[in-house]
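**Student:** Data: final-v1.pdb, PDB, C-alpha atoms.
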```
ATOM      1  CA  MET A   1    -108.625   6.521  13.186
ATOM      2  CA  VAL A   2    -105.351   8.357  12.771
ATOM      3  CA  ARG A   3    -105.968  12.067  12.957
ATOM      4  CA  ALA A   4    -103.984  14.713  11.113
ATOM      5  CA  LYS A   5    -103.467  16.697  14.273
ATOM      6  CA  GLY A   6    -100.328  17.856  15.992
ATOM      7  CA  THR A   7    -100.318  21.312  14.458
ATOM      8  CA  HIS A   8    -100.131  23.287  17.704
ATOM      9  CA  ARG A   9     -97.059  25.405  18.293
ATOM     10  CA  MET A  10     -95.044  24.255  21.286
ATOM     11  CA  PRO A  11     -95.531  26.599  24.261
ATOM     12  CA  ALA A  12     -92.518  28.230  25.856
ATOM     13  CA  ALA A  13     -90.904  26.464  28.795
ATOM     14  CA  ASN A  14     -92.176  29.110  31.241
ATOM     15  CA  SER A  15     -95.738  29.052  29.897
ATOM     16  CA  SER A  16     -98.480  28.909  32.544
ATOM     17  CA  ARG A  17    -100.804  26.999  30.206
ATOM     18  CA  ASP A  18    -101.529  23.321  30.707
ATOM     19  CA  PRO A  19     -99.634  21.030  28.334
ATOM     20  CA  VAL A  20    -101.316  20.663  24.936
ATOM     21  CA  TYR A  21    -100.450  16.964  24.830
ATOM     22  CA  GLU A  22    -100.993  14.240  27.420
ATOM     23  CA  MET A  23     -99.123  10.948  27.683
ATOM     24  CA  ARG A  24    -101.365   8.278  29.204
ATOM     25  CA  THR A  25    -100.834   4.674  30.197
ATOM     26  CA  MET A  26    -103.382   2.576  28.295
ATOM     27  CA  ARG A  27    -104.480  -0.162  30.675
ATOM     28  CA  THR A  28    -108.134  -1.040  30.093
ATOM     29  CA  GLY A  29    -109.451  -3.318  27.388
ATOM     30  CA  ALA A  30    -111.128  -0.372  25.671
ATOM     31  CA  GLU A  31    -107.920   1.653  25.707
ATOM     32  CA  ARG A  32    -105.909  -1.254  24.307
ATOM     33  CA  ALA A  33    -108.534  -1.768  21.590
ATOM     34  CA  GLU A  34    -108.212   1.906  20.666
ATOM     35  CA  ALA A  35    -104.437   1.510  20.432
ATOM     36  CA  VAL A  36    -104.830  -1.575  18.209
ATOM     37  CA  ALA A  37    -107.204   0.306  15.919
ATOM     38  CA  PHE A  38    -104.751   3.210  15.801
ATOM     39  CA  ALA A  39    -101.903   0.899  14.758
ATOM     40  CA  GLU A  40    -104.032  -0.761  12.084
ATOM     41  CA  ASP A  41    -105.258   2.589  10.729
ATOM     42  CA  THR A  42    -101.675   3.823  10.581
ATOM     43  CA  ALA A  43    -100.648   0.742   8.581
ATOM     44  CA  LEU A  44    -103.438   1.473   6.074
ATOM     45  CA  LEU A  45    -102.381   5.103   5.693
ATOM     46  CA  LEU A  46     -98.749   4.068   5.220
ATOM     47  CA  ALA A  47     -99.817   1.490   2.635
ATOM     48  CA  HIS A  48    -101.353   4.331   0.610
ATOM     49  CA  GLN A  49     -97.861   5.865   0.596
ATOM     50  CA  GLY A  50     -96.250   2.627  -0.555
ATOM     51  CA  VAL A  51     -95.010   1.551   2.883
ATOM     52  CA  ASP A  52     -95.765  -2.080   3.752
ATOM     53  CA  LEU A  53     -95.867  -2.182   7.554
ATOM     54  CA  PRO A  54     -96.763  -5.565   9.088
ATOM     55  CA  VAL A  55     -98.453  -4.756  12.402
ATOM     56  CA  GLY A  56     -99.269  -8.236  13.692
ATOM     57  CA  GLN A  57     -96.418  -8.333  16.212
ATOM     58  CA  LEU A  58     -97.124  -4.770  17.337
ATOM     59  CA  VAL A  59    -100.810  -5.572  17.844
ATOM     60  CA  ASP A  60     -99.853  -8.646  19.890
ATOM     61  CA  LEU A  61     -97.620  -6.471  22.078
ATOM     62  CA  ILE A  62    -100.400  -3.943  22.625
ATOM     63  CA  ARG A  63    -102.736  -6.715  23.709
ATOM     64  CA  SER A  64    -100.123  -8.243  26.030
ATOM     65  CA  GLN A  65     -99.130  -7.210  29.543
ATOM     66  CA  ALA A  66     -96.522  -4.757  28.220
ATOM     67  CA  THR A  67     -96.706  -1.075  29.126
ATOM     68  CA  VAL A  68     -98.584   0.775  26.384
ATOM     69  CA  LEU A  69     -98.455   4.588  26.251
ATOM     70  CA  GLY A  70    -100.661   6.838  24.181
ATOM     71  CA  LEU A  71     -99.956  10.442  23.210
ATOM     72  CA  HIS A  72    -103.221  12.386  23.275
ATOM     73  CA  GLU A  73    -104.099  15.785  21.881
ATOM     74  CA  ASP A  74    -107.383  17.275  23.101
ATOM     75  CA  GLY A  75    -108.414  13.766  24.183
ATOM     76  CA  ALA A  76    -107.688  12.172  20.783
ATOM     77  CA  LEU A  77    -105.028   9.471  20.392
ATOM     78  CA  VAL A  78    -102.337  10.789  18.022
ATOM     79  CA  GLY A  79     -99.355   8.568  18.905
ATOM     80  CA  CYS A  80     -98.687   5.230  20.570
ATOM     81  CA  LEU A  81     -95.747   3.150  21.776
ATOM     82  CA  VAL A  82     -95.016  -0.016  23.727
ATOM     83  CA  MET A  83     -92.214  -0.289  26.272
ATOM     84  CA  ARG A  84     -90.657  -3.740  26.127
ATOM     85  CA  SER A  85     -88.711  -5.531  28.846
ATOM     86  CA  GLU A  86     -87.973  -8.782  26.986
ATOM     87  CA  ALA A  87     -85.245  -8.583  24.383
ATOM     88  CA  ASP A  88     -82.933 -10.611  22.197
ATOM     89  CA  LEU A  89     -80.707  -7.966  20.635
ATOM     90  CA  ARG A  90     -77.858 -10.227  19.572
ATOM     91  CA  HIS A  91     -78.572  -9.337  15.937
ATOM     92  CA  TRP A  92     -77.739  -5.703  16.775
ATOM     93  CA  GLY A  93     -74.108  -6.541  17.507
ATOM     94  CA  ARG A  94     -71.935  -3.553  18.420
ATOM     95  CA  ASP A  95     -74.723  -1.150  17.486
ATOM     96  CA  GLY A  96     -76.808  -2.399  20.415
ATOM     97  CA  ARG A  97     -74.257  -1.996  23.182
ATOM     98  CA  GLY A  98     -74.915   0.209  26.178
ATOM     99  CA  ARG A  99     -77.884   0.481  28.536
ATOM    100  CA  GLY A 100     -81.000   1.142  26.526
ATOM    101  CA  LEU A 101     -84.778   1.158  26.417
ATOM    102  CA  LEU A 102     -86.458  -1.167  23.918
ATOM    103  CA  VAL A 103     -89.673   0.167  22.386
ATOM    104  CA  SER A 104     -92.106  -0.536  19.586
ATOM    105  CA  VAL A 105     -93.589   2.666  18.187
ATOM    106  CA  VAL A 106     -96.531   3.130  15.852
ATOM    107  CA  PRO A 107     -94.653   5.001  13.091
ATOM    108  CA  PRO A 108     -95.706   8.505  12.070
ATOM    109  CA  VAL A 109     -97.414   8.940   8.726
ATOM    110  CA  PRO A 110     -95.405  11.438   6.649
ATOM    111  CA  GLY A 111     -97.515  14.512   5.975
ATOM    112  CA  CYS A 112    -100.124  13.478   8.546
ATOM    113  CA  SER A 113     -98.766  12.733  12.025
ATOM    114  CA  GLU A 114     -95.189  13.976  11.919
ATOM    115  CA  GLN A 115     -95.646  16.311  14.891
ATOM    116  CA  ALA A 116     -96.767  13.404  17.047
ATOM    117  CA  GLY A 117     -93.779  11.369  15.878
ATOM    118  CA  ARG A 118     -91.425  14.204  16.721
ATOM    119  CA  LEU A 119     -92.916  14.629  20.196
ATOM    120  CA  LEU A 120     -92.785  10.898  20.935
ATOM    121  CA  THR A 121     -89.116  10.929  19.921
ATOM    122  CA  LEU A 122     -88.323  13.848  22.229
ATOM    123  CA  TRP A 123     -90.268  12.238  25.073
ATOM    124  CA  LEU A 124     -88.459   8.912  24.696
ATOM    125  CA  ALA A 125     -85.021  10.562  24.629
ATOM    126  CA  ASP A 126     -85.890  12.499  27.785
ATOM    127  CA  TYR A 127     -87.400   9.487  29.583
ATOM    128  CA  ALA A 128     -84.354   7.335  28.836
ATOM    129  CA  ALA A 129     -81.921  10.014  29.997
ATOM    130  CA  ARG A 130     -83.787  10.566  33.263
ATOM    131  CA  HIS A 131     -83.573   6.822  33.973
ATOM    132  CA  GLY A 132     -79.819   6.691  33.455
ATOM    133  CA  LEU A 133     -79.943   5.037  30.027
ATOM    134  CA  GLU A 134     -77.852   5.797  26.950
ATOM    135  CA  TRP A 135     -80.133   4.747  24.107
ATOM    136  CA  VAL A 136     -83.636   4.008  22.930
ATOM    137  CA  TRP A 137     -83.778   0.961  20.617
ATOM    138  CA  TRP A 138     -86.484   0.417  17.989
ATOM    139  CA  GLU A 139     -86.795  -1.912  15.033
ATOM    140  CA  LEU A 140     -89.343  -2.115  12.242
ATOM    141  CA  PRO A 141     -90.069  -5.119  10.028
ATOM    142  CA  ALA A 142     -88.285  -4.693   6.705
ATOM    143  CA  THR A 143     -90.211  -5.532   3.577
ATOM    144  CA  SER A 144     -88.640  -7.298   0.609
ATOM    145  CA  PRO A 145     -86.034  -6.546  -0.600
ATOM    146  CA  GLY A 146     -85.153  -5.302   2.887
ATOM    147  CA  GLU A 147     -85.965  -1.637   2.473
ATOM    148  CA  MET A 148     -88.380   0.820   4.060
ATOM    149  CA  SER A 149     -89.951   3.872   2.456
ATOM    150  CA  ALA A 150     -87.298   6.551   1.955
ATOM    151  CA  THR A 151     -89.876   9.183   2.926
ATOM    152  CA  LEU A 152     -90.575   7.527   6.271
ATOM    153  CA  LEU A 153     -86.913   6.908   7.075
ATOM    154  CA  THR A 154     -86.035  10.486   6.124
ATOM    155  CA  ALA A 155     -88.686  11.748   8.548
ATOM    156  CA  LEU A 156     -87.383   9.524  11.348
ATOM    157  CA  ARG A 157     -83.814  10.698  10.751
ATOM    158  CA  GLY A 158     -85.083  14.269  10.943
ATOM    159  CA  PHE A 159     -86.571  13.539  14.365
ATOM    160  CA  GLY A 160     -83.188  12.290  15.597
ATOM    161  CA  TRP A 161     -83.339   8.539  15.009
ATOM    162  CA  GLU A 162     -80.200   6.912  13.639
ATOM    163  CA  VAL A 163     -81.160   4.354  10.978
ATOM    164  CA  LEU A 164     -78.793   1.377  10.945
ATOM    165  CA  PRO A 165     -78.299  -1.305   8.268
ATOM    166  CA  VAL A 166     -80.966  -3.985   7.858
ATOM    167  CA  VAL A 167     -80.193  -7.306   9.582
ATOM    168  CA  HIS A 168     -81.832 -10.693  10.122
ATOM    169  CA  ARG A 169     -83.154 -11.593  13.559
ATOM    170  CA  ALA A 170     -82.740 -15.075  15.001
ATOM    171  CA  ASP A 171     -86.215 -15.962  13.678
ATOM    172  CA  GLY A 172     -85.122 -15.018  10.145
ATOM    173  CA  GLN A 173     -87.137 -11.803   9.886
ATOM    174  CA  GLN A 174     -85.425  -8.788   8.336
ATOM    175  CA  VAL A 175     -85.621  -5.652  10.467
ATOM    176  CA  VAL A 176     -84.660  -2.022  10.126
ATOM    177  CA  ARG A 177     -82.803  -1.096  13.303
ATOM    178  CA  MET A 178     -83.041   2.396  14.757
ATOM    179  CA  ARG A 179     -81.547   3.960  17.831
ATOM    180  CA  LEU A 180     -81.983   7.293  19.572
ATOM    181  CA  ARG A 181     -79.466   8.835  21.947
ATOM    182  CA  ALA A 182     -80.899   9.700  25.356
ATOM    183  CA  ALA A 183     -80.998  13.430  26.133
ATOM    184  CA  VAL A 184     -82.739  15.438  28.838
ATOM    185  CA  ARG A 185     -85.357  17.854  27.453
ATOM    186  CA  ASP A 186     -86.246  20.171  30.332
ATOM    187  CA  ALA A 187     -88.807  22.170  28.338
ATOM    188  CA  LEU A 188     -90.831  19.080  27.438
ATOM    189  CA  ALA A 189     -92.927  19.225  30.624
ATOM    190  CA  ALA A 190     -94.580  22.365  29.258
ATOM    191  CA  VAL A 191     -95.703  20.418  26.182
ATOM    192  CA  ILE A 192     -96.534  16.877  27.374
ATOM    193  CA  SER A 193     -97.963  15.856  30.724
ATOM    194  CA  ALA A 194     -96.099  12.947  32.319
ATOM    195  CA  PRO A 195     -97.744   9.532  32.818
ATOM    196  CA  ASP A 196     -97.456   7.444  35.980
ATOM    197  CA  ILE A 197     -95.586   4.371  34.755
ATOM    198  CA  PRO A 198     -93.261   1.816  36.375
ATOM    199  CA  PRO A 199     -89.570   1.933  35.435
ATOM    200  CA  THR A 200     -88.721  -0.211  32.421
ATOM    201  CA  PRO A 201     -85.682  -2.526  32.697
ATOM    202  CA  ALA A 202     -82.631  -1.595  30.612
ATOM    203  CA  VAL A 203     -81.642  -3.910  27.775
ATOM    204  CA  SER A 204     -78.623  -4.272  25.502
ATOM    205  CA  ALA A 205     -77.054  -6.621  22.991
ATOM    206  CA  ARG A 206     -75.028  -9.425  24.539
TER
END
```
Once more with this new file: its structure as structure tokens, please.
**Tutor:**
Amino acid sequence: MVRAKGTHRMPAANSSRDPVYEMRTMRTGAERAEAVAFAEDTALLLAHQGVDLPVGQLVDLIRSQATVLGLHEDGALVGCLVMRSEADLRHWGRDGRGRGLLVSVVPPVPGCSEQAGRLLTLWLADYAARHGLEWVWWELPATSPGEMSATLLTALRGFGWEVLPVVHRADGQQVVRMRLRAAVRDALAAVISAPDIPPTPAVSAR
């Protein structure tokens, strides 16, 4: 179940305390099942706020061989993302140029898990920058008539995501495209412990 955590104050960069948050690679069947349940619970909470978030594709990715990362607070899963190596970003056009990292993120629930969403955003920007990338790419399914909750998109913009116009993918699905500029965040190591994960190939629109 999604927990309304993430209320800790970030420690200073020179703090001697262990990081409050831990980023873990979710490899086992039980860990993947927990991530699936987290995504489904998030979709239910967003539905209560009027956000229709189809999670079928995200659940399939979590169950696949893709790299799944979970953000944990005091042992509880509070955020989740999938790093993707396969990509067809032709529908991004000019907005998808440059070396980038393609991810699928379980969106934050406004008023519930915004701190986790903010930390995942900072972590992704830092990870991409340290691997010589320019961008992090993310797209969410758009619901008819091609819009997403203004509350959710406002929160994502506040975290640093740039929300681009809705487009149709090659399969006909409408998606909300988002991109995040890579940026090193030196103080982040004091907040989130680093996972041991293989490098993810860069992708871009062609």
**Student:** For range 79-85 of chain A, list every protein, DNA or RNA residue within 8 Å, evaluated using all atoms listed in the file, and leave out those in the same chain fewer than 2 positions away; present the list as a PyMOL selection string.
**Tutor:** chain A and resi 35+38-39+61-62+66-72+77+87+101-106+108+116-117+120+200-203
**Student:** Just the selected residues (C-alpha atoms), exported as a tab-separated table (two decimals), keeping the file's coordinate frame, please.
**Tutor:**
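The result, written out as again.tsv:
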```
chain	number	residue	atom	x	y	z
A	35	ALA	CA	-104.44	1.51	20.43
A	38	PHE	CA	-104.75	3.21	15.80
A	39	ALA	CA	-101.90	0.90	14.76
A	61	LEU	CA	-97.62	-6.47	22.08
A	62	ILE	CA	-100.40	-3.94	22.62
A	66	ALA	CA	-96.52	-4.76	28.22
A	67	THR	CA	-96.71	-1.08	29.13
A	68	VAL	CA	-98.58	0.78	26.38
A	69	LEU	CA	-98.46	4.59	26.25
A	70	GLY	CA	-100.66	6.84	24.18
A	71	LEU	CA	-99.96	10.44	23.21
A	72	HIS	CA	-103.22	12.39	23.28
A	77	LEU	CA	-105.03	9.47	20.39
A	87	ALA	CA	-85.24	-8.58	24.38
A	101	LEU	CA	-84.78	1.16	26.42
A	102	LEU	CA	-86.46	-1.17	23.92
A	103	VAL	CA	-89.67	0.17	22.39
A	104	SER	CA	-92.11	-0.54	19.59
A	105	VAL	CA	-93.59	2.67	18.19
A	106	VAL	CA	-96.53	3.13	15.85
A	108	PRO	CA	-95.71	8.51	12.07
A	116	ALA	CA	-96.77	13.40	17.05
A	117	GLY	CA	-93.78	11.37	15.88
A	120	LEU	CA	-92.78	10.90	20.94
A	200	THR	CA	-88.72	-0.21	32.42
A	201	PRO	CA	-85.68	-2.53	32.70
A	202	ALA	CA	-82.63	-1.60	30.61
A	203	VAL	CA	-81.64	-3.91	27.78
```
**Student:** How close does each residue of range 76-125 of chain A get to range 154-164 of chain A, giving the shortest atom pair and distance in Å to one decimal for every residue with an atom at most 9 Å away, counting all atoms listed in the file, sorted by chain and residue number, as JSON lines?
**Tutor:**
```
{"residue": "A:Asp95", "atom": "CA", "partner": "A:Leu164", "partner_atom": "CA", "distance": 8.1}
{"residue": "A:Pro107", "atom": "CA", "partner": "A:Leu156", "partner_atom": "CA", "distance": 8.7}
{"residue": "A:Pro108", "atom": "CA", "partner": "A:Leu156", "partner_atom": "CA", "distance": 8.4}
{"residue": "A:Pro110", "atom": "CA", "partner": "A:Ala155", "partner_atom": "CA", "distance": 7.0}
{"residue": "A:Glu114", "atom": "CA", "partner": "A:Ala155", "partner_atom": "CA", "distance": 7.7}
{"residue": "A:Gly117", "atom": "CA", "partner": "A:Phe159", "partner_atom": "CA", "distance": 7.7}
{"residue": "A:Arg118", "atom": "CA", "partner": "A:Phe159", "partner_atom": "CA", "distance": 5.4}
{"residue": "A:Leu119", "atom": "CA", "partner": "A:Phe159", "partner_atom": "CA", "distance": 8.7}
{"residue": "A:Thr121", "atom": "CA", "partner": "A:Phe159", "partner_atom": "CA", "distance": 6.6}
{"residue": "A:Leu122", "atom": "CA", "partner": "A:Phe159", "partner_atom": "CA", "distance": 8.1}
```
**Student:** Given the file above and the PyMOL selection byres ((chain A and resi 22-27) around 9), which residues are selected, and can you give them as a PyMOL selection string?
**Tutor:** chain A and resi 19-21+28-32+35+65+67-75+191-197
**Student:** Do you have the CA of Gly98 in chain A-CA of Trp135 in chain A distance handy?
**Tutor:**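 If I compute the distance from CA of Gly98 in chain A to CA of Trp135 in chain A, I get 7.2 Å.
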**Student:** Could you please determine the separation between CA of Arg90 in chain A and CA of Ser64 in chain A in Å, to one decimal place?
**Tutor:** 23.3 Å
**Student:** Mind pulling up the distance from CA of Arg94 in chain A to CA of Pro199 in chain A?
**Tutor:**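 That distance, rounded to one decimal, is 25.1 Å.
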**Student:** I need the residue set behind the PyMOL selection byres ((chain A and resi 177) around 6) for this file; please write it as a list of chain:residue names.
**Tutor:**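 After applying the PyMOL selection byres ((chain A and resi 177) around 6), what remains is A:Glu139, A:Leu164, A:Val176, A:Met178.
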**Student:** As a PyMOL selection string, please: the residues near Ala205 in chain A (cut-off 6 Å, only C-alpha atoms, same-chain neighbours under 3 positions excluded).
**Tutor:** chain A and resi 89-90+96-97
**Student:** Point out the residue among A:His91, A:Gln115, A:Gly132, A:Val184 with the least atom-to-atom distance to Ala170 in chain A, counting only C-alpha atoms.
**Tutor:**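 Checking each of A:His91, A:Gln115, A:Gly132, A:Val184 against Ala170 in chain A, counting only C-alpha atoms, the winner is A:His91.
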**Student:** To box range 177-184 of chain A, take all atoms listed in the file, fit an axis-aligned box, add 4 Å on each side, and give centre and edge lengths in Å to one decimal, as lines of an AutoDock Vina configuration file.
**Tutor:**
```
center_x = -81.3
center_y = 7.2
center_z = 21.1
size_x = 11.6
size_y = 24.5
size_z = 23.5
```
**Student:** Could you state which residues are captured by the PyMOL selection byres ((chain A and resi 175) around 12) in this file, as a PyMOL selection string?
**Tutor:** chain A and resi 53-54+89+91-92+138-148+163-174+176-178
**Student:** Between A:Pro198, A:Ala182, A:Val78, A:Val136, which is the closest to Ser113 in chain A once you count all atoms listed in the file?
**Tutor:**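 Checking each of A:Pro198, A:Ala182, A:Val78, A:Val136 against Ser113 in chain A, counting all atoms listed in the file, the winner is A:Val78.
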**Student:** Using only C-alpha atoms, which residue out of A:Glu34, A:Asp60, A:Arg130, A:Gly50 lies closest to Thr151 in chain A?
**Tutor:**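 Among the listed residues, A:Gly50 lies closest to Thr151 in chain A.
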**Student:** Could you tell me which of A:Leu180, A:Ala37, A:Asp186, A:Leu46 comes closest to Leu58 in chain A if we count all atoms listed in the file?
**Tutor:**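 Answer, going by the shortest atom-to-atom distance: A:Ala37.
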